>>> print(open('input.cif').read())   # mmCIF, N, CA and C atoms
data_work
#
loop_
_atom_site.label_atom_id
_atom_site.label_comp_id
_atom_site.auth_asym_id
_atom_site.auth_seq_id
_atom_site.Cartn_x
_atom_site.Cartn_y
_atom_site.Cartn_z
N TYR O 1 109.97 77.31 93.42
CA TYR O 1 109.70 77.18 92.01
C TYR O 1 110.67 78.01 91.18
N HIS O 2 111.01 77.50 90.03
CA HIS O 2 111.77 78.26 89.06
C HIS O 2 110.75 79.02 88.22
N PHE O 3 111.05 80.23 87.81
CA PHE O 3 110.07 81.04 87.07
C PHE O 3 109.53 80.32 85.84
N SER O 4 110.37 79.55 85.14
CA SER O 4 109.91 78.90 83.92
C SER O 4 108.83 77.85 84.20
N ALA O 5 108.73 77.41 85.43
CA ALA O 5 107.72 76.41 85.79
C ALA O 5 106.44 77.04 86.33
N LEU O 6 106.44 78.36 86.47
CA LEU O 6 105.30 79.03 87.09
C LEU O 6 104.16 79.31 86.12
N LYS O 7 102.96 79.07 86.61
CA LYS O 7 101.75 79.53 85.93
C LYS O 7 101.21 80.66 86.80
N VAL O 8 100.93 81.80 86.17
CA VAL O 8 100.54 83.00 86.89
C VAL O 8 99.21 83.53 86.37
N ILE O 9 98.35 83.94 87.29
CA ILE O 9 97.14 84.66 86.94
C ILE O 9 97.27 86.06 87.53
N ASP O 10 97.16 87.06 86.67
CA ASP O 10 97.28 88.46 87.07
C ASP O 10 95.89 89.08 87.00
N LEU O 11 95.28 89.31 88.17
CA LEU O 11 93.93 89.88 88.24
C LEU O 11 93.99 91.40 88.32
N PHE O 12 93.01 92.07 87.75
CA PHE O 12 93.00 93.54 87.70
C PHE O 12 94.28 93.99 87.00
N SER O 13 94.56 93.39 85.87
CA SER O 13 95.86 93.51 85.21
C SER O 13 96.19 94.92 84.73
N GLY O 14 95.18 95.73 84.44
CA GLY O 14 95.45 97.11 84.00
C GLY O 14 96.26 97.12 82.72
N THR O 15 97.38 97.83 82.73
CA THR O 15 98.22 97.91 81.54
C THR O 15 99.15 96.71 81.40
N GLY O 16 99.15 95.82 82.39
CA GLY O 16 99.89 94.57 82.28
C GLY O 16 101.27 94.53 82.90
N ASN O 17 101.63 95.53 83.68
CA ASN O 17 102.99 95.60 84.22
C ASN O 17 103.42 94.34 84.97
N ILE O 18 102.54 93.78 85.78
CA ILE O 18 102.88 92.58 86.54
C ILE O 18 103.04 91.39 85.60
N ALA O 19 102.14 91.26 84.64
CA ALA O 19 102.23 90.17 83.67
C ALA O 19 103.55 90.26 82.90
N TYR O 20 103.94 91.46 82.47
CA TYR O 20 105.20 91.64 81.74
C TYR O 20 106.39 91.28 82.63
N GLU O 21 106.30 91.65 83.90
CA GLU O 21 107.40 91.36 84.83
C GLU O 21 107.60 89.85 84.97
N PHE O 22 106.49 89.11 85.14
CA PHE O 22 106.61 87.66 85.24
C PHE O 22 107.14 87.07 83.93
N ALA O 23 106.68 87.58 82.80
CA ALA O 23 107.14 87.08 81.51
C ALA O 23 108.64 87.36 81.34
N SER O 24 109.09 88.54 81.75
CA SER O 24 110.50 88.90 81.58
C SER O 24 111.41 88.04 82.46
N ARG O 25 110.82 87.47 83.51
CA ARG O 25 111.60 86.59 84.39
C ARG O 25 111.47 85.11 84.00
N GLY O 26 110.76 84.85 82.89
CA GLY O 26 110.74 83.51 82.35
C GLY O 26 109.48 82.69 82.57
N ALA O 27 108.46 83.25 83.22
CA ALA O 27 107.21 82.50 83.38
C ALA O 27 106.66 82.17 82.00
N GLN O 28 106.24 80.93 81.81
CA GLN O 28 105.82 80.47 80.49
C GLN O 28 104.32 80.52 80.27
N GLU O 29 103.55 80.69 81.35
CA GLU O 29 102.10 80.72 81.20
C GLU O 29 101.52 81.79 82.12
N ILE O 30 100.99 82.84 81.52
CA ILE O 30 100.46 83.98 82.26
C ILE O 30 99.09 84.31 81.70
N ILE O 31 98.13 84.44 82.60
CA ILE O 31 96.79 84.88 82.22
C ILE O 31 96.57 86.25 82.84
N ALA O 32 96.33 87.24 82.01
CA ALA O 32 96.08 88.61 82.47
C ALA O 32 94.58 88.88 82.36
N VAL O 33 93.95 89.19 83.48
CA VAL O 33 92.51 89.39 83.54
C VAL O 33 92.20 90.85 83.86
N ASP O 34 91.39 91.46 83.01
CA ASP O 34 90.95 92.82 83.29
C ASP O 34 89.57 93.02 82.66
N ALA O 35 88.75 93.83 83.29
CA ALA O 35 87.38 94.06 82.83
C ALA O 35 87.30 95.09 81.70
N HIS O 36 88.36 95.83 81.48
CA HIS O 36 88.33 96.91 80.51
C HIS O 36 88.93 96.50 79.17
N PHE O 37 88.16 96.66 78.12
CA PHE O 37 88.58 96.25 76.78
C PHE O 37 89.89 96.91 76.37
N GLU O 38 90.04 98.21 76.63
CA GLU O 38 91.25 98.92 76.21
C GLU O 38 92.50 98.36 76.90
N CYS O 39 92.36 97.95 78.16
CA CYS O 39 93.50 97.34 78.86
C CYS O 39 93.87 96.01 78.22
N VAL O 40 92.88 95.18 77.96
CA VAL O 40 93.12 93.88 77.34
C VAL O 40 93.76 94.06 75.96
N LYS O 41 93.24 95.01 75.19
CA LYS O 41 93.77 95.30 73.86
C LYS O 41 95.25 95.73 73.96
N PHE O 42 95.55 96.59 74.91
CA PHE O 42 96.92 97.08 75.11
C PHE O 42 97.86 95.93 75.48
N ILE O 43 97.44 95.08 76.42
CA ILE O 43 98.28 93.94 76.83
C ILE O 43 98.51 93.01 75.65
N ASN O 44 97.47 92.74 74.87
CA ASN O 44 97.63 91.89 73.69
C ASN O 44 98.67 92.47 72.73
N LYS O 45 98.61 93.79 72.51
CA LYS O 45 99.54 94.46 71.60
C LYS O 45 100.98 94.34 72.10
N ILE O 46 101.20 94.70 73.36
CA ILE O 46 102.56 94.68 73.92
C ILE O 46 103.11 93.25 73.99
N SER O 47 102.30 92.32 74.49
CA SER O 47 102.79 90.95 74.63
C SER O 47 103.09 90.32 73.28
N SER O 48 102.33 90.70 72.25
CA SER O 48 102.59 90.20 70.90
C SER O 48 103.89 90.79 70.36
N GLU O 49 104.06 92.10 70.52
CA GLU O 49 105.28 92.78 70.05
C GLU O 49 106.52 92.24 70.74
N MET O 50 106.39 91.90 72.02
CA MET O 50 107.53 91.44 72.81
C MET O 50 107.63 89.92 72.86
N ASP O 51 106.72 89.23 72.16
CA ASP O 51 106.70 87.77 72.12
C ASP O 51 106.65 87.17 73.53
N MET O 52 105.70 87.65 74.33
CA MET O 52 105.52 87.19 75.70
C MET O 52 104.35 86.20 75.78
N PRO O 53 104.46 85.18 76.62
CA PRO O 53 103.42 84.15 76.73
C PRO O 53 102.26 84.58 77.62
N ILE O 54 101.60 85.67 77.23
CA ILE O 54 100.50 86.20 78.03
C ILE O 54 99.19 86.00 77.28
N ARG O 55 98.25 85.36 77.95
CA ARG O 55 96.90 85.19 77.40
C ARG O 55 96.00 86.14 78.18
N THR O 56 95.19 86.90 77.47
CA THR O 56 94.31 87.86 78.15
C THR O 56 92.89 87.32 78.23
N VAL O 57 92.21 87.76 79.28
CA VAL O 57 90.79 87.45 79.46
C VAL O 57 90.11 88.76 79.85
N LYS O 58 89.12 89.17 79.06
CA LYS O 58 88.34 90.36 79.41
C LYS O 58 87.22 89.90 80.31
N SER O 59 87.36 90.19 81.60
CA SER O 59 86.38 89.73 82.58
C SER O 59 86.57 90.48 83.89
N ASP O 60 85.49 90.59 84.62
CA ASP O 60 85.56 91.00 86.01
C ASP O 60 86.35 89.91 86.74
N ALA O 61 87.26 90.31 87.61
CA ALA O 61 88.13 89.35 88.29
C ALA O 61 87.34 88.32 89.10
N PHE O 62 86.30 88.77 89.78
CA PHE O 62 85.52 87.85 90.62
C PHE O 62 84.74 86.85 89.77
N LYS O 63 84.19 87.32 88.65
CA LYS O 63 83.48 86.41 87.74
C LYS O 63 84.47 85.40 87.16
N PHE O 64 85.65 85.86 86.81
CA PHE O 64 86.68 84.96 86.29
C PHE O 64 87.00 83.87 87.31
N LEU O 65 87.27 84.28 88.55
CA LEU O 65 87.63 83.30 89.59
C LEU O 65 86.51 82.29 89.83
N ASN O 66 85.28 82.76 89.79
CA ASN O 66 84.14 81.87 90.04
C ASN O 66 83.87 80.92 88.88
N ALA O 67 84.33 81.26 87.69
CA ALA O 67 84.01 80.46 86.50
C ALA O 67 85.18 79.65 85.96
N THR O 68 86.40 80.02 86.31
CA THR O 68 87.56 79.43 85.66
C THR O 68 87.80 77.97 86.08
N GLY O 69 88.38 77.25 85.16
CA GLY O 69 88.88 75.91 85.46
C GLY O 69 90.39 75.96 85.60
N GLU O 70 90.95 77.16 85.52
CA GLU O 70 92.40 77.36 85.61
C GLU O 70 92.84 77.37 87.07
N SER O 71 94.08 76.93 87.30
CA SER O 71 94.72 77.12 88.60
C SER O 71 96.11 77.67 88.31
N ALA O 72 96.76 78.17 89.33
CA ALA O 72 98.07 78.80 89.12
C ALA O 72 98.93 78.67 90.36
N HIS O 73 100.23 78.84 90.16
CA HIS O 73 101.16 78.86 91.28
C HIS O 73 101.09 80.20 92.00
N ILE O 74 100.88 81.24 91.21
CA ILE O 74 100.75 82.59 91.78
C ILE O 74 99.52 83.24 91.19
N ILE O 75 98.65 83.70 92.06
CA ILE O 75 97.56 84.57 91.65
C ILE O 75 97.88 85.93 92.26
N PHE O 76 98.11 86.90 91.40
CA PHE O 76 98.47 88.25 91.84
C PHE O 76 97.28 89.16 91.58
N ALA O 77 96.84 89.86 92.59
CA ALA O 77 95.70 90.77 92.45
C ALA O 77 96.10 92.18 92.88
N ASP O 78 95.87 93.12 92.00
CA ASP O 78 96.12 94.53 92.29
C ASP O 78 94.83 95.29 92.06
N PRO O 79 93.84 95.06 92.96
CA PRO O 79 92.55 95.73 92.79
C PRO O 79 92.66 97.21 93.11
N PRO O 80 91.66 97.99 92.72
CA PRO O 80 91.66 99.41 93.09
C PRO O 80 91.84 99.57 94.61
N TYR O 81 92.63 100.54 94.99
CA TYR O 81 92.92 100.75 96.42
C TYR O 81 91.69 101.16 97.23
N ASN O 82 90.61 101.56 96.55
CA ASN O 82 89.42 101.97 97.31
C ASN O 82 88.49 100.78 97.61
N PHE O 83 88.87 99.57 97.22
CA PHE O 83 88.07 98.39 97.56
C PHE O 83 88.04 98.22 99.08
N GLU O 84 86.90 97.81 99.59
CA GLU O 84 86.76 97.56 101.03
C GLU O 84 87.40 96.20 101.39
N THR O 85 87.74 96.04 102.65
CA THR O 85 88.33 94.79 103.13
C THR O 85 87.43 93.60 102.83
N ASP O 86 86.11 93.76 102.96
CA ASP O 86 85.19 92.64 102.70
C ASP O 86 85.28 92.16 101.26
N VAL O 87 85.53 93.06 100.32
CA VAL O 87 85.66 92.68 98.92
C VAL O 87 86.93 91.83 98.74
N LEU O 88 88.00 92.24 99.40
CA LEU O 88 89.25 91.48 99.30
C LEU O 88 89.12 90.15 100.04
N LYS O 89 88.32 90.13 101.10
CA LYS O 89 88.04 88.87 101.81
C LYS O 89 87.38 87.88 100.85
N ASP O 90 86.47 88.37 100.00
CA ASP O 90 85.82 87.52 99.00
C ASP O 90 86.84 86.96 98.00
N LEU O 91 87.81 87.76 97.65
CA LEU O 91 88.86 87.32 96.74
C LEU O 91 89.62 86.13 97.33
N VAL O 92 89.95 86.24 98.61
CA VAL O 92 90.64 85.15 99.31
C VAL O 92 89.73 83.92 99.39
N LYS O 93 88.48 84.15 99.78
CA LYS O 93 87.53 83.05 99.96
C LYS O 93 87.34 82.26 98.66
N ILE O 94 87.11 82.96 97.56
CA ILE O 94 86.90 82.30 96.27
C ILE O 94 88.15 81.51 95.86
N THR O 95 89.31 82.13 95.98
CA THR O 95 90.56 81.48 95.58
C THR O 95 90.76 80.16 96.31
N PHE O 96 90.52 80.16 97.62
CA PHE O 96 90.78 78.94 98.39
C PHE O 96 89.62 77.95 98.36
N SER O 97 88.39 78.43 98.31
CA SER O 97 87.26 77.50 98.26
C SER O 97 87.20 76.77 96.93
N ARG O 98 87.71 77.40 95.87
CA ARG O 98 87.71 76.76 94.55
C ARG O 98 89.04 76.08 94.24
N ASN O 99 89.97 76.07 95.21
CA ASN O 99 91.28 75.41 95.04
C ASN O 99 91.98 75.88 93.76
N LEU O 100 92.10 77.19 93.61
CA LEU O 100 92.68 77.75 92.39
C LEU O 100 94.20 77.86 92.43
N LEU O 101 94.79 77.55 93.58
CA LEU O 101 96.25 77.59 93.68
C LEU O 101 96.83 76.19 93.54
N GLU O 102 97.90 76.10 92.77
CA GLU O 102 98.65 74.85 92.69
C GLU O 102 99.30 74.60 94.04
N GLU O 103 99.73 73.36 94.28
CA GLU O 103 100.38 73.02 95.55
C GLU O 103 101.57 73.95 95.79
N GLY O 104 101.62 74.52 96.98
CA GLY O 104 102.69 75.44 97.33
C GLY O 104 102.50 76.84 96.78
N GLY O 105 101.34 77.10 96.15
CA GLY O 105 101.09 78.39 95.52
C GLY O 105 100.71 79.48 96.50
N SER O 106 100.66 80.71 95.98
CA SER O 106 100.33 81.87 96.80
C SER O 106 99.37 82.81 96.06
N LEU O 107 98.47 83.38 96.85
CA LEU O 107 97.66 84.51 96.41
C LEU O 107 98.36 85.74 96.98
N ILE O 108 98.65 86.70 96.12
CA ILE O 108 99.30 87.94 96.56
C ILE O 108 98.36 89.09 96.22
N ILE O 109 97.99 89.86 97.24
CA ILE O 109 97.11 91.01 97.03
C ILE O 109 97.89 92.28 97.33
N GLU O 110 97.95 93.16 96.34
CA GLU O 110 98.56 94.47 96.54
C GLU O 110 97.48 95.42 97.02
N HIS O 111 97.79 96.21 98.04
CA HIS O 111 96.79 97.12 98.60
C HIS O 111 97.46 98.29 99.30
N SER O 112 96.64 99.22 99.70
CA SER O 112 97.10 100.42 100.39
C SER O 112 97.69 100.07 101.76
N LYS O 113 98.66 100.87 102.18
CA LYS O 113 99.25 100.65 103.50
C LYS O 113 98.26 100.93 104.63
N LYS O 114 97.14 101.56 104.29
CA LYS O 114 96.11 101.86 105.28
C LYS O 114 95.24 100.64 105.60
N MET O 115 95.38 99.59 104.81
CA MET O 115 94.55 98.39 104.97
C MET O 115 95.37 97.26 105.59
N ASP O 116 94.75 96.52 106.50
CA ASP O 116 95.39 95.38 107.14
C ASP O 116 94.57 94.13 106.83
N LEU O 117 95.18 93.17 106.16
CA LEU O 117 94.48 91.93 105.80
C LEU O 117 94.96 90.74 106.62
N SER O 118 95.76 91.00 107.65
CA SER O 118 96.37 89.90 108.41
C SER O 118 95.35 89.05 109.17
N HIS O 119 94.14 89.54 109.33
CA HIS O 119 93.11 88.77 110.05
C HIS O 119 92.37 87.78 109.14
N LEU O 120 92.61 87.86 107.84
CA LEU O 120 91.88 87.00 106.90
C LEU O 120 92.45 85.58 106.90
N PRO O 121 91.60 84.60 106.60
CA PRO O 121 92.07 83.20 106.53
C PRO O 121 93.18 83.05 105.50
N HIS O 122 94.09 82.14 105.77
CA HIS O 122 95.21 81.78 104.89
C HIS O 122 96.30 82.85 104.82
N PHE O 123 96.17 83.95 105.61
CA PHE O 123 97.20 84.99 105.60
C PHE O 123 98.53 84.39 106.03
N SER O 124 99.60 84.77 105.34
CA SER O 124 100.92 84.24 105.65
C SER O 124 101.90 85.34 106.08
N GLU O 125 102.01 86.38 105.26
CA GLU O 125 102.96 87.45 105.58
C GLU O 125 102.60 88.71 104.81
N VAL O 126 103.23 89.80 105.21
CA VAL O 126 103.03 91.08 104.54
C VAL O 126 104.39 91.67 104.23
N ARG O 127 104.48 92.30 103.07
CA ARG O 127 105.71 93.00 102.68
C ARG O 127 105.33 94.40 102.25
N LYS O 128 106.05 95.39 102.76
CA LYS O 128 105.73 96.79 102.48
C LYS O 128 106.81 97.41 101.61
N TYR O 129 106.36 98.13 100.57
CA TYR O 129 107.25 98.83 99.65
C TYR O 129 106.66 100.22 99.41
N GLY O 130 107.16 101.21 100.11
CA GLY O 130 106.63 102.56 99.97
C GLY O 130 105.18 102.62 100.37
N ASN O 131 104.33 103.12 99.48
CA ASN O 131 102.91 103.21 99.79
C ASN O 131 102.13 101.93 99.46
N SER O 132 102.83 100.96 98.89
CA SER O 132 102.17 99.71 98.53
C SER O 132 102.49 98.62 99.54
N VAL O 133 101.53 97.75 99.72
CA VAL O 133 101.67 96.61 100.63
C VAL O 133 101.26 95.36 99.87
N PHE O 134 102.00 94.28 100.08
CA PHE O 134 101.70 93.00 99.46
C PHE O 134 101.38 92.02 100.58
N SER O 135 100.14 91.52 100.60
CA SER O 135 99.74 90.50 101.56
C SER O 135 99.75 89.16 100.86
N PHE O 136 100.40 88.18 101.49
CA PHE O 136 100.53 86.84 100.92
C PHE O 136 99.60 85.88 101.64
N PHE O 137 98.93 85.04 100.86
CA PHE O 137 98.02 84.03 101.40
C PHE O 137 98.41 82.68 100.81
N VAL O 138 98.55 81.68 101.71
CA VAL O 138 98.94 80.34 101.24
C VAL O 138 98.01 79.28 101.82
#
>>> encode(input="input.cif", output="structure tokens")
Amino acid sequence: YHFSALKVIDLFSGTGNIAYEFASRGAQEIIAVDAHFECVKFINKISSEMDMPIRTVKSDAFKFLNATGESAHIIFADPPYNFETDVLKDLVKITFSRNLLEEGGSLIIEHSKKMDLSHLPHFSEVRKYGNSVFSFFV
């Protein structure tokens, strides 16, 4: 995919760094989901100032996934590192059972290097960068 053709959902968006990164690379449709009002407010402010195509949703990530009619080429999740493996397993389960990925899409979960998600369904590969690990599910 070319970035301009990508639709991205950024779960646990926080201050929006991942959403901004996708926008800066040309993604035209980005949904940033976070449960905290101040985070959503901050992302709205920055994306407006920078004229970025980011739509925010104030919601718990799991509630959003269970309720949304949206799908995406990339669903990026950066949940708190203290989440248990079973919680992340639910993230994978919901994403794939609800067919939230576009054809050829990926769920990417950022997590601690202490956690191994390779046993979960749809696991494809892992990439390690310092203390962070990215597990890909297709």
>>> closest_residue(input="input.cif", among="O:Leu91, O:Val8, O:Val33, O:Leu117", to="Ser59 of chain O", atoms="all atoms listed in the file")
O:Val33
>>> atom_distance(input="input.cif", atom1="atom CA of Tyr81 of chain O", atom2="atom CA of Lys41 of chain O")
23.2 Å
>>> select_by_dssp(input="input.cif", residues="chain O", states="strand (DSSP E)", output="PyMOL selection string")
chain O and resi 7-11+29-34+54-58+72-77+101-112+123-129+132-137
>>> resolve_selection(input="input.cif", expression="the PyMOL selection byres ((chain O and resi 9) around 5)", output="JSON list (two decimals) with N, CA and C atoms, keeping the file's coordinate frame")
[["chain", "number", "residue", "atom", "x", "y", "z"],
["O", 7, "LYS", "N", 102.96, 79.07, 86.61],
["O", 7, "LYS", "CA", 101.75, 79.53, 85.93],
["O", 7, "LYS", "C", 101.21, 80.66, 86.80],
["O", 8, "VAL", "N", 100.93, 81.80, 86.17],
["O", 8, "VAL", "CA", 100.54, 83.00, 86.89],
["O", 8, "VAL", "C", 99.21, 83.53, 86.37],
["O", 10, "ASP", "N", 97.16, 87.06, 86.67],
["O", 10, "ASP", "CA", 97.28, 88.46, 87.07],
["O", 10, "ASP", "C", 95.89, 89.08, 87.00],
["O", 11, "LEU", "N", 95.28, 89.31, 88.17],
["O", 11, "LEU", "CA", 93.93, 89.88, 88.24],
["O", 11, "LEU", "C", 93.99, 91.40, 88.32],
["O", 31, "ILE", "N", 98.13, 84.44, 82.60],
["O", 31, "ILE", "CA", 96.79, 84.88, 82.22],
["O", 31, "ILE", "C", 96.57, 86.25, 82.84],
["O", 74, "ILE", "N", 100.88, 81.24, 91.21],
["O", 74, "ILE", "CA", 100.75, 82.59, 91.78],
["O", 74, "ILE", "C", 99.52, 83.24, 91.19],
["O", 75, "ILE", "N", 98.65, 83.70, 92.06],
["O", 75, "ILE", "CA", 97.56, 84.57, 91.65],
["O", 75, "ILE", "C", 97.88, 85.93, 92.26],
["O", 76, "PHE", "N", 98.11, 86.90, 91.40],
["O", 76, "PHE", "CA", 98.47, 88.25, 91.84],
["O", 76, "PHE", "C", 97.28, 89.16, 91.58]]
>>> residues_around(input="input.cif", residues="Asn82 of chain O", least_positions_apart="5", cutoff="10 Å", atoms="only C-alpha atoms", output="list in words")
His111, Ser112 and Met115 of chain O
>>> decode(input="input.cif", residues="segment 54-82 of chain O", atoms="N, CA and C atoms", output="PDB file, in the first residue's frame")
ATOM      1  N   ILE O  54      -6.847  13.751  10.959  1.00  0.00           N
ATOM      2  CA  ILE O  54      -7.035  12.858  12.102  1.00  0.00           C
ATOM      3  C   ILE O  54      -8.398  13.137  12.727  1.00  0.00           C
ATOM      4  N   ARG O  55      -9.193  12.086  12.843  1.00  0.00           N
ATOM      5  CA  ARG O  55     -10.483  12.175  13.534  1.00  0.00           C
ATOM      6  C   ARG O  55     -10.307  11.479  14.874  1.00  0.00           C
ATOM      7  N   THR O  56     -10.745  12.115  15.939  1.00  0.00           N
ATOM      8  CA  THR O  56     -10.591  11.518  17.269  1.00  0.00           C
ATOM      9  C   THR O  56     -11.901  10.906  17.735  1.00  0.00           C
ATOM     10  N   VAL O  57     -11.755   9.873  18.555  1.00  0.00           N
ATOM     11  CA  VAL O  57     -12.891   9.233  19.211  1.00  0.00           C
ATOM     12  C   VAL O  57     -12.502   9.046  20.672  1.00  0.00           C
ATOM     13  N   LYS O  58     -13.307   9.622  21.573  1.00  0.00           N
ATOM     14  CA  LYS O  58     -13.069   9.410  23.000  1.00  0.00           C
ATOM     15  C   LYS O  58     -13.806   8.148  23.387  1.00  0.00           C
ATOM     16  N   SER O  59     -13.042   7.079  23.591  1.00  0.00           N
ATOM     17  CA  SER O  59     -13.636   5.780  23.897  1.00  0.00           C
ATOM     18  C   SER O  59     -12.577   4.835  24.421  1.00  0.00           C
ATOM     19  N   ASP O  60     -13.021   3.897  25.219  1.00  0.00           N
ATOM     20  CA  ASP O  60     -12.205   2.752  25.561  1.00  0.00           C
ATOM     21  C   ASP O  60     -11.950   1.989  24.253  1.00  0.00           C
ATOM     22  N   ALA O  61     -10.730   1.552  24.038  1.00  0.00           N
ATOM     23  CA  ALA O  61     -10.369   0.889  22.779  1.00  0.00           C
ATOM     24  C   ALA O  61     -11.212  -0.355  22.510  1.00  0.00           C
ATOM     25  N   PHE O  62     -11.463  -1.142  23.541  1.00  0.00           N
ATOM     26  CA  PHE O  62     -12.226  -2.377  23.353  1.00  0.00           C
ATOM     27  C   PHE O  62     -13.687  -2.082  23.021  1.00  0.00           C
ATOM     28  N   LYS O  63     -14.256  -1.077  23.673  1.00  0.00           N
ATOM     29  CA  LYS O  63     -15.636  -0.676  23.359  1.00  0.00           C
ATOM     30  C   LYS O  63     -15.711  -0.155  21.928  1.00  0.00           C
ATOM     31  N   PHE O  64     -14.715   0.617  21.535  1.00  0.00           N
ATOM     32  CA  PHE O  64     -14.674   1.130  20.166  1.00  0.00           C
ATOM     33  C   PHE O  64     -14.653  -0.022  19.164  1.00  0.00           C
ATOM     34  N   LEU O  65     -13.752  -0.979  19.370  1.00  0.00           N
ATOM     35  CA  LEU O  65     -13.638  -2.107  18.430  1.00  0.00           C
ATOM     36  C   LEU O  65     -14.933  -2.913  18.363  1.00  0.00           C
ATOM     37  N   ASN O  66     -15.581  -3.089  19.494  1.00  0.00           N
ATOM     38  CA  ASN O  66     -16.821  -3.873  19.526  1.00  0.00           C
ATOM     39  C   ASN O  66     -18.000  -3.143  18.890  1.00  0.00           C
ATOM     40  N   ALA O  67     -17.934  -1.820  18.817  1.00  0.00           N
ATOM     41  CA  ALA O  67     -19.074  -1.039  18.335  1.00  0.00           C
ATOM     42  C   ALA O  67     -18.881  -0.443  16.941  1.00  0.00           C
ATOM     43  N   THR O  68     -17.648  -0.324  16.490  1.00  0.00           N
ATOM     44  CA  THR O  68     -17.380   0.424  15.271  1.00  0.00           C
ATOM     45  C   THR O  68     -17.859  -0.294  14.003  1.00  0.00           C
ATOM     46  N   GLY O  69     -18.198   0.513  13.034  1.00  0.00           N
ATOM     47  CA  GLY O  69     -18.467   0.003  11.698  1.00  0.00           C
ATOM     48  C   GLY O  69     -17.282   0.298  10.792  1.00  0.00           C
ATOM     49  N   GLU O  70     -16.225   0.856  11.379  1.00  0.00           N
ATOM     50  CA  GLU O  70     -15.021   1.222  10.630  1.00  0.00           C
ATOM     51  C   GLU O  70     -14.126  -0.001  10.439  1.00  0.00           C
ATOM     52  N   SER O  71     -13.382   0.005   9.332  1.00  0.00           N
ATOM     53  CA  SER O  71     -12.310  -0.963   9.141  1.00  0.00           C
ATOM     54  C   SER O  71     -11.090  -0.164   8.689  1.00  0.00           C
ATOM     55  N   ALA O  72      -9.936  -0.791   8.725  1.00  0.00           N
ATOM     56  CA  ALA O  72      -8.709  -0.065   8.391  1.00  0.00           C
ATOM     57  C   ALA O  72      -7.677  -1.006   7.802  1.00  0.00           C
ATOM     58  N   HIS O  73      -6.709  -0.425   7.120  1.00  0.00           N
ATOM     59  CA  HIS O  73      -5.580  -1.198   6.607  1.00  0.00           C
ATOM     60  C   HIS O  73      -4.601  -1.509   7.725  1.00  0.00           C
ATOM     61  N   ILE O  74      -4.471  -0.552   8.637  1.00  0.00           N
ATOM     62  CA  ILE O  74      -3.593  -0.742   9.791  1.00  0.00           C
ATOM     63  C   ILE O  74      -4.356  -0.352  11.046  1.00  0.00           C
ATOM     64  N   ILE O  75      -4.391  -1.265  11.987  1.00  0.00           N
ATOM     65  CA  ILE O  75      -4.864  -0.947  13.329  1.00  0.00           C
ATOM     66  C   ILE O  75      -3.635  -1.043  14.215  1.00  0.00           C
ATOM     67  N   PHE O  76      -3.243   0.078  14.783  1.00  0.00           N
ATOM     68  CA  PHE O  76      -2.060   0.142  15.634  1.00  0.00           C
ATOM     69  C   PHE O  76      -2.520   0.311  17.071  1.00  0.00           C
ATOM     70  N   ALA O  77      -2.048  -0.551  17.945  1.00  0.00           N
ATOM     71  CA  ALA O  77      -2.430  -0.486  19.354  1.00  0.00           C
ATOM     72  C   ALA O  77      -1.179  -0.383  20.225  1.00  0.00           C
ATOM     73  N   ASP O  78      -1.158   0.632  21.059  1.00  0.00           N
ATOM     74  CA  ASP O  78      -0.065   0.817  22.017  1.00  0.00           C
ATOM     75  C   ASP O  78      -0.677   0.888  23.412  1.00  0.00           C
ATOM     76  N   PRO O  79      -1.184  -0.280  23.889  1.00  0.00           N
ATOM     77  CA  PRO O  79      -1.816  -0.287  25.212  1.00  0.00           C
ATOM     78  C   PRO O  79      -0.774  -0.143  26.310  1.00  0.00           C
ATOM     79  N   PRO O  80      -1.223   0.159  27.520  1.00  0.00           N
ATOM     80  CA  PRO O  80      -0.281   0.209  28.646  1.00  0.00           C
ATOM     81  C   PRO O  80       0.527  -1.094  28.733  1.00  0.00           C
ATOM     82  N   TYR O  81       1.796  -0.969  29.021  1.00  0.00           N
ATOM     83  CA  TYR O  81       2.678  -2.140  29.068  1.00  0.00           C
ATOM     84  C   TYR O  81       2.316  -3.112  30.189  1.00  0.00           C
ATOM     85  N   ASN O  82       1.492  -2.677  31.142  1.00  0.00           N
ATOM     86  CA  ASN O  82       1.141  -3.581  32.247  1.00  0.00           C
ATOM     87  C   ASN O  82      -0.088  -4.439  31.916  1.00  0.00           C
TER      88      ASN O  82
END
